[in-house]
Amino acid sequence: MKIERDFHMTNGDDEFSYAKNSTMQRKAILAAKPIIKEAISKVCTDLHPQSMVIADLGCSFGANTLLFISEAITTIGENPNNTIGERPKEVQFFLNDLPGNDFNHIFQSLEQFEQSTRKNCTSRGLQPPPHYVVGLLGSFYTRLFPCNSVHFFHSSMSLMWLSQVPENLDGIMNEANIHIGLNTPPSVIKLYQNQFKKDFSRFLLMRCKEIVRGGRMVLTMLGRKSKDVFTAGGTTMVFELLSQGLQTLVAEGRVEKEKLDSFNLPLYCPSVDELKELVWQNELLEITDIRLFEINGNPNDGSESTEDAAGPVIYGASAAEAAGKSISTSLRAVMEPLIASHFGDSILDKLFAVFARYFTNYIESEVEKSRVPVITLSLQAKH
């Protein structure tokens with residue numbers, strides 16, 4: 001598996017595309033919205049940049065990418081430091097992702113987005129700052145910008161993806177699993193933990209070279225609630241059920257067992273304590289805020305907030321079936337390119353139909369398992 005070649009969200013605008021199936025990712029952005037607004041406001045107030053550079057790392061495409069840009073423009077427009085002297089503050093947005101990302105979808109949406117942004121700001125009595133949007137290809141585990149050039153880094157639902165499948169992880173070590181499953185041996189868990197530590201530490205090191213003094217970052221990612229690696233809530237359950245779906249296809253002769261055993265997802269959900277430790281080890285960044293949210297993983301729940309996160313999610317039979325189909329489609333929008341590159345695309349329809357059935361059966365008996373832990377980390381570069 002070559003991440004830079006094989007990994008991207010499902011492109012386009014059809015039934016299984018990421019653009020049509022990214023409600024959970026939208027909920028994560030909205031949950032982090034107060035933290036994002038505060039960080040951008042602090043940059044405006046504390047640094048007074050005439051030309052402000054903002055980078056969205058792992059931006060993907062679709063409405064969520066534009067949602068972040070819109071929130072940033074509105075926040076800057078609301079700030080009393082929106083003008084310096086007689087000149088308005090200017091903003092340069094860099095949208096970063098791997099080469100397989102559907103950047104065309106973003107740029108084809110920009111004209112309508114600009115019209116909507118102007119209308120929204122006018123209705124609120126705001127003057128949007130002059131702003132410019134460009135795409136930037138490359139892995140965020142490498143250098144992307146000149147030294148001391150970026151005022152604000154944002155990343156949402158991307159940093160749990162590793163730069164590669166953990167080093168030294170071969171097929172027989174995690175037999176019949178595609179991730180950290182309930183029967184994954186401790187040696188494999190350790191490989192995942194080491195790979196995340198290596199990648200996240202490198203990410204922070206690269207950004208510290210690129211960010212201006214006093215600049216800020218807000219990083220949101222899938223996480224877990226405790227040190228126990230099996231407490232990633234709905235995330236653990238989803239990948240366990242996807243593994244079971246692939247095992248079913250092996251039993252039916254549609255997938256070779258060796259193919260399943262050699263497939264491991266390059267993904268790790270950290271705990272709050274793990275993130276804190278890695279930031280402290282970096283020594284160049286200060287944690288200004290860190291929060292763990294639980295969002296409902298069901299795209300059909302009708303909610304775009306975390307306000308109901310404390311209560312259980314209860315499904316009747318028909319609602320459970322609808323949730324199963326919806327979550328299957330959302331998962332396919334993220335996973336299809338990786339699965340197709342390894343197993344071929346002929347199994348996709350069958351695999352995600354099996355997954356939908358398994359998920360439906362699961363949530364009919366487990367009423368509160370679709371909660372997904374998400375961690376938002378707000379950082380400031382030390383002076």
# chains A, B, ... in the order shown; residues from 1 in each chain; ligands from 1
call {"tool": "select_by_dssp", "arguments": {"residues": "range 161-329 of chain A", "states": "helix (DSSP H, G or I)", "output": "MDAnalysis selection string"}}
result
chainID A and resid 171:174 186:210 234:251 257:261 272:282 317:329
call {"tool": "residues_around", "arguments": {"residues": "range 31-48 of chain A", "least_positions_apart": "3", "cutoff": "10 Å", "atoms": "only C-alpha atoms", "output": "MDAnalysis selection string"}}
result
chainID A and resid 25:28 51:52 54 68 71:84 89 151:154 156 212:220 288:295 304:307 374:380
call {"tool": "residues_around", "arguments": {"residues": "range 224-226 of chain A", "least_positions_apart": "5", "cutoff": "10 Å", "atoms": "only C-alpha atoms", "output": "list of chain:residue names"}}
result
A:Thr231, A:Ala232, A:Gly233, A:Gly234, A:Thr235, A:Thr236, A:Tyr268, A:Cys269, A:Pro270, A:Ser271, A:Val272, A:Asp273, A:Glu274, A:Leu292, A:Phe293, A:Glu294, A:Val372, A:Pro373, A:Val374, A:Ile375
call {"tool": "write_last_selection", "arguments": {"atoms": "all heavy atoms", "output": "short mmCIF file (atom, residue, chain, number, x, y, z; two decimals), in the first residue's frame"}}
result
data_model
loop_
_atom_site.label_atom_id
_atom_site.label_comp_id
_atom_site.auth_asym_id
_atom_site.auth_seq_id
_atom_site.Cartn_x
_atom_site.Cartn_y
_atom_site.Cartn_z
N THR A 231 -11.02 1.58 23.40
CA THR A 231 -12.07 2.49 23.84
C THR A 231 -12.26 3.65 22.85
O THR A 231 -12.54 4.77 23.26
CB THR A 231 -11.78 3.06 25.24
OG1 THR A 231 -10.51 3.74 25.19
CG2 THR A 231 -11.75 1.97 26.28
N ALA A 232 -12.09 3.37 21.56
CA ALA A 232 -12.33 4.40 20.55
C ALA A 232 -13.79 4.43 20.12
O ALA A 232 -14.14 4.90 19.05
CB ALA A 232 -11.42 4.18 19.34
N GLY A 233 -14.66 3.90 20.95
CA GLY A 233 -16.10 3.99 20.74
C GLY A 233 -16.53 3.39 19.41
O GLY A 233 -16.12 2.29 19.02
N GLY A 234 -17.36 4.16 18.69
CA GLY A 234 -17.88 3.68 17.43
C GLY A 234 -16.82 3.38 16.40
O GLY A 234 -17.01 2.55 15.51
N THR A 235 -15.65 4.03 16.50
CA THR A 235 -14.58 3.78 15.54
C THR A 235 -14.09 2.35 15.65
O THR A 235 -13.92 1.65 14.63
CB THR A 235 -13.41 4.75 15.79
OG1 THR A 235 -13.90 6.09 15.83
CG2 THR A 235 -12.37 4.62 14.70
N THR A 236 -13.83 1.87 16.87
CA THR A 236 -13.40 0.49 17.08
C THR A 236 -14.43 -0.48 16.52
O THR A 236 -14.09 -1.45 15.82
CB THR A 236 -13.20 0.22 18.58
OG1 THR A 236 -12.20 1.10 19.09
CG2 THR A 236 -12.76 -1.22 18.82
N TYR A 268 -4.63 5.39 13.44
CA TYR A 268 -4.51 5.20 14.89
C TYR A 268 -5.26 6.32 15.60
O TYR A 268 -5.11 7.50 15.28
CB TYR A 268 -3.04 5.23 15.32
CG TYR A 268 -2.85 5.01 16.80
CD1 TYR A 268 -2.92 3.74 17.36
CD2 TYR A 268 -2.59 6.09 17.65
CE1 TYR A 268 -2.76 3.54 18.72
CE2 TYR A 268 -2.42 5.90 19.02
CZ TYR A 268 -2.50 4.62 19.54
OH TYR A 268 -2.34 4.42 20.90
N CYS A 269 -6.09 5.95 16.58
CA CYS A 269 -6.87 6.92 17.36
C CYS A 269 -6.18 7.16 18.69
O CYS A 269 -6.21 6.28 19.57
CB CYS A 269 -8.29 6.40 17.57
SG CYS A 269 -9.21 6.11 16.05
N PRO A 270 -5.56 8.31 18.89
CA PRO A 270 -4.81 8.56 20.13
C PRO A 270 -5.71 8.96 21.29
O PRO A 270 -6.87 9.34 21.10
CB PRO A 270 -3.88 9.71 19.75
CG PRO A 270 -4.70 10.49 18.76
CD PRO A 270 -5.47 9.46 17.97
N SER A 271 -5.16 8.89 22.48
CA SER A 271 -5.84 9.41 23.67
C SER A 271 -5.38 10.84 23.93
O SER A 271 -4.37 11.30 23.36
CB SER A 271 -5.52 8.55 24.89
OG SER A 271 -4.14 8.68 25.24
N VAL A 272 -6.10 11.55 24.78
CA VAL A 272 -5.70 12.91 25.16
C VAL A 272 -4.31 12.90 25.78
O VAL A 272 -3.46 13.75 25.46
CB VAL A 272 -6.74 13.51 26.14
CG1 VAL A 272 -6.20 14.80 26.76
CG2 VAL A 272 -8.06 13.77 25.43
N ASP A 273 -4.03 11.92 26.65
CA ASP A 273 -2.72 11.86 27.31
C ASP A 273 -1.59 11.63 26.32
O ASP A 273 -0.50 12.21 26.47
CB ASP A 273 -2.71 10.75 28.37
CG ASP A 273 -3.54 11.11 29.59
OD1 ASP A 273 -3.82 12.31 29.79
OD2 ASP A 273 -3.90 10.19 30.36
N GLU A 274 -1.82 10.81 25.29
CA GLU A 274 -0.79 10.59 24.28
C GLU A 274 -0.46 11.89 23.54
O GLU A 274 0.71 12.20 23.29
CB GLU A 274 -1.24 9.52 23.29
CG GLU A 274 -1.14 8.10 23.81
CD GLU A 274 -1.69 7.08 22.84
OE1 GLU A 274 -2.85 7.24 22.40
OE2 GLU A 274 -0.97 6.12 22.52
N LEU A 292 -12.20 16.69 24.47
CA LEU A 292 -12.70 15.46 23.87
C LEU A 292 -14.21 15.57 23.74
O LEU A 292 -14.91 15.85 24.71
CB LEU A 292 -12.32 14.24 24.71
CG LEU A 292 -12.68 12.89 24.10
CD1 LEU A 292 -11.62 11.84 24.45
CD2 LEU A 292 -14.05 12.38 24.57
N PHE A 293 -14.70 15.41 22.52
CA PHE A 293 -16.13 15.40 22.24
C PHE A 293 -16.56 13.98 21.89
O PHE A 293 -15.74 13.17 21.47
CB PHE A 293 -16.47 16.30 21.05
CG PHE A 293 -15.97 17.71 21.15
CD1 PHE A 293 -14.76 18.08 20.59
CD2 PHE A 293 -16.73 18.67 21.79
CE1 PHE A 293 -14.30 19.39 20.67
CE2 PHE A 293 -16.28 19.98 21.88
CZ PHE A 293 -15.06 20.34 21.31
N GLU A 294 -17.83 13.71 22.04
CA GLU A 294 -18.39 12.49 21.47
C GLU A 294 -19.50 12.89 20.53
O GLU A 294 -20.47 13.53 20.93
CB GLU A 294 -18.94 11.57 22.57
CG GLU A 294 -17.85 10.84 23.34
CD GLU A 294 -18.45 9.77 24.24
OE1 GLU A 294 -18.91 10.13 25.34
OE2 GLU A 294 -18.46 8.59 23.84
N VAL A 372 -18.76 8.52 18.66
CA VAL A 372 -17.40 8.55 18.13
C VAL A 372 -16.60 9.60 18.88
O VAL A 372 -16.91 10.80 18.80
CB VAL A 372 -17.42 8.86 16.62
CG1 VAL A 372 -16.00 8.97 16.09
CG2 VAL A 372 -18.21 7.80 15.86
N PRO A 373 -15.56 9.20 19.64
CA PRO A 373 -14.73 10.18 20.34
C PRO A 373 -13.87 10.98 19.36
O PRO A 373 -13.23 10.42 18.48
CB PRO A 373 -13.84 9.32 21.26
CG PRO A 373 -14.48 7.97 21.27
CD PRO A 373 -15.16 7.82 19.95
N VAL A 374 -13.88 12.29 19.53
CA VAL A 374 -13.10 13.21 18.69
C VAL A 374 -12.36 14.16 19.62
O VAL A 374 -12.93 14.69 20.57
CB VAL A 374 -14.02 13.99 17.74
CG1 VAL A 374 -13.24 15.07 17.01
CG2 VAL A 374 -14.69 13.06 16.74
N ILE A 375 -11.07 14.36 19.34
CA ILE A 375 -10.24 15.25 20.18
C ILE A 375 -9.87 16.48 19.36
O ILE A 375 -9.43 16.38 18.21
CB ILE A 375 -8.97 14.53 20.66
CG1 ILE A 375 -9.33 13.32 21.51
CG2 ILE A 375 -8.08 15.50 21.45
CD1 ILE A 375 -8.14 12.45 21.88
#
call {"tool": "closest_residue", "arguments": {"among": "A:Thr360, A:Asn101, A:Leu260, A:Pro49", "to": "Thr10 in chain A", "atoms": "only C-alpha atoms"}}
result
A:Asn101
call {"tool": "residues_around", "arguments": {"residues": "Phe61 in chain A", "least_positions_apart": "3", "cutoff": "9 Å", "atoms": "only C-alpha atoms", "output": "list in words"}}
result
Met9, Asn11, Tyr18, Ala19, Asn64, Thr65, Leu66, Asn101, Asp102, Phe103, Asn104, His105 and Ile106 of chain A
call {"tool": "write_last_selection", "arguments": {"atoms": "all heavy atoms", "output": "compact mmCIF listing (two decimals), in the first residue's frame"}}
result
# COMPACT_ATOMS: atom_id res chain seq x y z
N MET A 9 -10.17 10.42 -0.35
CA MET A 9 -11.60 10.18 -0.23
C MET A 9 -12.16 9.87 -1.62
O MET A 9 -11.56 10.19 -2.64
CB MET A 9 -12.31 11.40 0.34
CG MET A 9 -11.78 11.87 1.71
SD MET A 9 -11.98 10.70 3.06
CE MET A 9 -10.33 9.99 3.17
N ASN A 11 -13.75 10.33 -4.89
CA ASN A 11 -13.90 11.57 -5.63
C ASN A 11 -15.27 11.69 -6.29
O ASN A 11 -16.05 10.74 -6.35
CB ASN A 11 -12.81 11.68 -6.70
CG ASN A 11 -11.43 11.87 -6.08
OD1 ASN A 11 -11.30 12.33 -4.96
ND2 ASN A 11 -10.40 11.52 -6.84
N TYR A 18 -17.38 11.20 -1.28
CA TYR A 18 -17.17 11.86 0.00
C TYR A 18 -17.99 13.15 0.08
O TYR A 18 -18.50 13.51 1.15
CB TYR A 18 -15.68 12.16 0.18
CG TYR A 18 -15.35 12.86 1.47
CD1 TYR A 18 -15.24 12.15 2.66
CD2 TYR A 18 -15.13 14.25 1.50
CE1 TYR A 18 -14.92 12.79 3.85
CE2 TYR A 18 -14.82 14.89 2.68
CZ TYR A 18 -14.73 14.16 3.86
OH TYR A 18 -14.42 14.80 5.03
N ALA A 19 -18.12 13.84 -1.05
CA ALA A 19 -18.88 15.10 -1.06
C ALA A 19 -20.32 14.89 -0.58
O ALA A 19 -20.91 15.77 0.05
CB ALA A 19 -18.88 15.70 -2.46
N ASN A 64 -17.42 20.61 3.50
CA ASN A 64 -16.68 20.78 4.75
C ASN A 64 -15.44 21.64 4.56
O ASN A 64 -15.06 22.41 5.45
CB ASN A 64 -16.29 19.42 5.32
CG ASN A 64 -17.48 18.60 5.75
OD1 ASN A 64 -18.55 19.14 5.98
ND2 ASN A 64 -17.31 17.30 5.84
N THR A 65 -14.77 21.50 3.42
CA THR A 65 -13.61 22.33 3.13
C THR A 65 -14.02 23.80 3.09
O THR A 65 -13.36 24.67 3.67
CB THR A 65 -13.00 21.92 1.78
OG1 THR A 65 -12.69 20.54 1.80
CG2 THR A 65 -11.72 22.71 1.49
N LEU A 66 -15.11 24.08 2.41
CA LEU A 66 -15.59 25.46 2.29
C LEU A 66 -16.17 25.97 3.60
O LEU A 66 -16.12 27.18 3.87
CB LEU A 66 -16.63 25.55 1.18
CG LEU A 66 -16.13 25.11 -0.21
CD1 LEU A 66 -17.25 25.21 -1.23
CD2 LEU A 66 -14.93 25.93 -0.64
N ASN A 101 -6.50 13.78 -4.14
CA ASN A 101 -7.67 14.53 -3.68
C ASN A 101 -8.36 15.23 -4.85
O ASN A 101 -7.72 15.67 -5.81
CB ASN A 101 -7.25 15.56 -2.63
CG ASN A 101 -8.42 16.29 -2.02
OD1 ASN A 101 -9.37 15.67 -1.54
ND2 ASN A 101 -8.38 17.62 -2.05
N ASP A 102 -9.67 15.36 -4.77
CA ASP A 102 -10.45 15.97 -5.84
C ASP A 102 -10.43 17.50 -5.72
O ASP A 102 -11.43 18.13 -5.37
CB ASP A 102 -11.89 15.44 -5.80
CG ASP A 102 -12.66 15.73 -7.08
OD1 ASP A 102 -12.15 16.52 -7.91
OD2 ASP A 102 -13.75 15.18 -7.25
N PHE A 103 -9.27 18.08 -6.03
CA PHE A 103 -9.15 19.54 -5.96
C PHE A 103 -10.07 20.23 -6.97
O PHE A 103 -10.52 21.35 -6.73
CB PHE A 103 -7.69 19.97 -6.19
CG PHE A 103 -6.80 19.76 -5.01
CD1 PHE A 103 -5.99 18.64 -4.92
CD2 PHE A 103 -6.77 20.67 -3.97
CE1 PHE A 103 -5.17 18.43 -3.82
CE2 PHE A 103 -5.95 20.48 -2.86
CZ PHE A 103 -5.14 19.36 -2.78
N ASN A 104 -10.32 19.59 -8.10
CA ASN A 104 -11.21 20.19 -9.09
C ASN A 104 -12.58 20.48 -8.50
O ASN A 104 -13.21 21.50 -8.81
CB ASN A 104 -11.36 19.27 -10.31
CG ASN A 104 -10.16 19.34 -11.23
OD1 ASN A 104 -9.40 20.31 -11.20
ND2 ASN A 104 -9.97 18.31 -12.03
N HIS A 105 -13.06 19.58 -7.63
CA HIS A 105 -14.36 19.79 -7.00
C HIS A 105 -14.36 21.08 -6.18
O HIS A 105 -15.34 21.83 -6.18
CB HIS A 105 -14.69 18.59 -6.12
CG HIS A 105 -16.10 18.55 -5.62
ND1 HIS A 105 -16.54 19.38 -4.59
CD2 HIS A 105 -17.18 17.81 -5.99
CE1 HIS A 105 -17.82 19.13 -4.35
NE2 HIS A 105 -18.23 18.19 -5.19
N ILE A 106 -13.25 21.34 -5.48
CA ILE A 106 -13.14 22.57 -4.67
C ILE A 106 -13.21 23.79 -5.56
O ILE A 106 -14.01 24.71 -5.33
CB ILE A 106 -11.83 22.58 -3.88
CG1 ILE A 106 -11.76 21.41 -2.89
CG2 ILE A 106 -11.67 23.91 -3.13
CD1 ILE A 106 -10.43 21.28 -2.19
call {"tool": "decode", "arguments": {"residues": "range 190-212 of chain A", "atoms": "N, CA, C and O atoms", "output": "mmCIF file, in the first residue's frame"}}
result
data_model
loop_
_atom_site.group_PDB
_atom_site.id
_atom_site.type_symbol
_atom_site.label_atom_id
_atom_site.label_comp_id
_atom_site.auth_asym_id
_atom_site.auth_seq_id
_atom_site.Cartn_x
_atom_site.Cartn_y
_atom_site.Cartn_z
ATOM 1 N N LYS A 190 1.603 -2.150 19.731
ATOM 2 C CA LYS A 190 2.807 -1.357 19.968
ATOM 3 C C LYS A 190 3.344 -0.770 18.669
ATOM 4 O O LYS A 190 3.794 0.388 18.625
ATOM 5 N N LEU A 191 3.278 -1.531 17.576
ATOM 6 C CA LEU A 191 3.727 -1.022 16.284
ATOM 7 C C LEU A 191 2.866 0.160 15.835
ATOM 8 O O LEU A 191 3.388 1.157 15.311
ATOM 9 N N TYR A 192 1.575 0.054 16.045
ATOM 10 C CA TYR A 192 0.676 1.174 15.709
ATOM 11 C C TYR A 192 1.002 2.401 16.563
ATOM 12 O O TYR A 192 1.064 3.531 16.069
ATOM 13 N N GLN A 193 1.199 2.199 17.859
ATOM 14 C CA GLN A 193 1.508 3.315 18.751
ATOM 15 C C GLN A 193 2.830 3.985 18.358
ATOM 16 O O GLN A 193 2.919 5.217 18.327
ATOM 17 N N ASN A 194 3.816 3.186 18.034
ATOM 18 C CA ASN A 194 5.118 3.744 17.649
ATOM 19 C C ASN A 194 5.028 4.531 16.350
ATOM 20 O O ASN A 194 5.669 5.587 16.203
ATOM 21 N N GLN A 195 4.248 4.022 15.405
ATOM 22 C CA GLN A 195 4.114 4.728 14.135
ATOM 23 C C GLN A 195 3.401 6.062 14.323
ATOM 24 O O GLN A 195 3.791 7.079 13.731
ATOM 25 N N PHE A 196 2.364 6.084 15.186
ATOM 26 C CA PHE A 196 1.678 7.353 15.433
ATOM 27 C C PHE A 196 2.611 8.352 16.110
ATOM 28 O O PHE A 196 2.648 9.537 15.738
ATOM 29 N N LYS A 197 3.353 7.898 17.104
ATOM 30 C CA LYS A 197 4.287 8.795 17.789
ATOM 31 C C LYS A 197 5.304 9.378 16.818
ATOM 32 O O LYS A 197 5.598 10.580 16.841
ATOM 33 N N LYS A 198 5.828 8.534 15.955
ATOM 34 C CA LYS A 198 6.810 8.995 14.963
ATOM 35 C C LYS A 198 6.183 10.016 14.020
ATOM 36 O O LYS A 198 6.755 11.078 13.761
ATOM 37 N N ASP A 199 4.987 9.710 13.513
ATOM 38 C CA ASP A 199 4.343 10.590 12.543
ATOM 39 C C ASP A 199 3.897 11.906 13.162
ATOM 40 O O ASP A 199 4.122 12.983 12.590
ATOM 41 N N PHE A 200 3.237 11.847 14.312
ATOM 42 C CA PHE A 200 2.720 13.074 14.904
ATOM 43 C C PHE A 200 3.868 13.973 15.365
ATOM 44 O O PHE A 200 3.797 15.203 15.227
ATOM 45 N N SER A 201 4.921 13.370 15.888
ATOM 46 C CA SER A 201 6.090 14.168 16.284
ATOM 47 C C SER A 201 6.708 14.856 15.078
ATOM 48 O O SER A 201 7.121 16.027 15.155
ATOM 49 N N ARG A 202 6.774 14.142 13.962
ATOM 50 C CA ARG A 202 7.317 14.746 12.736
ATOM 51 C C ARG A 202 6.392 15.856 12.225
ATOM 52 O O ARG A 202 6.867 16.908 11.788
ATOM 53 N N PHE A 203 5.094 15.631 12.294
ATOM 54 C CA PHE A 203 4.139 16.665 11.886
ATOM 55 C C PHE A 203 4.377 17.943 12.681
ATOM 56 O O PHE A 203 4.450 19.043 12.113
ATOM 57 N N LEU A 204 4.479 17.825 13.996
ATOM 58 C CA LEU A 204 4.691 19.003 14.836
ATOM 59 C C LEU A 204 6.024 19.680 14.520
ATOM 60 O O LEU A 204 6.110 20.919 14.478
ATOM 61 N N LEU A 205 7.046 18.892 14.288
ATOM 62 C CA LEU A 205 8.365 19.451 13.975
ATOM 63 C C LEU A 205 8.319 20.258 12.678
ATOM 64 O O LEU A 205 8.867 21.371 12.601
ATOM 65 N N MET A 206 7.671 19.719 11.641
ATOM 66 C CA MET A 206 7.565 20.430 10.365
ATOM 67 C C MET A 206 6.797 21.737 10.534
ATOM 68 O O MET A 206 7.186 22.776 10.010
ATOM 69 N N ARG A 207 5.689 21.682 11.261
ATOM 70 C CA ARG A 207 4.871 22.881 11.428
ATOM 71 C C ARG A 207 5.606 23.942 12.250
ATOM 72 O O ARG A 207 5.413 25.141 12.022
ATOM 73 N N CYS A 208 6.404 23.521 13.211
ATOM 74 C CA CYS A 208 7.137 24.492 14.029
ATOM 75 C C CYS A 208 8.158 25.265 13.208
ATOM 76 O O CYS A 208 8.497 26.406 13.550
ATOM 77 N N LYS A 209 8.641 24.675 12.147
ATOM 78 C CA LYS A 209 9.555 25.383 11.254
ATOM 79 C C LYS A 209 8.802 26.399 10.398
ATOM 80 O O LYS A 209 9.350 27.452 10.022
ATOM 81 N N GLU A 210 7.548 26.101 10.104
ATOM 82 C CA GLU A 210 6.776 26.915 9.151
ATOM 83 C C GLU A 210 5.940 28.001 9.798
ATOM 84 O O GLU A 210 5.636 29.021 9.159
ATOM 85 N N ILE A 211 5.554 27.827 11.061
ATOM 86 C CA ILE A 211 4.647 28.761 11.717
ATOM 87 C C ILE A 211 5.414 29.974 12.239
ATOM 88 O O ILE A 211 6.597 29.878 12.602
ATOM 89 N N VAL A 212 4.751 31.131 12.237
ATOM 90 C CA VAL A 212 5.364 32.334 12.792
ATOM 91 C C VAL A 212 5.340 32.254 14.315
ATOM 92 O O VAL A 212 4.572 31.493 14.906
#
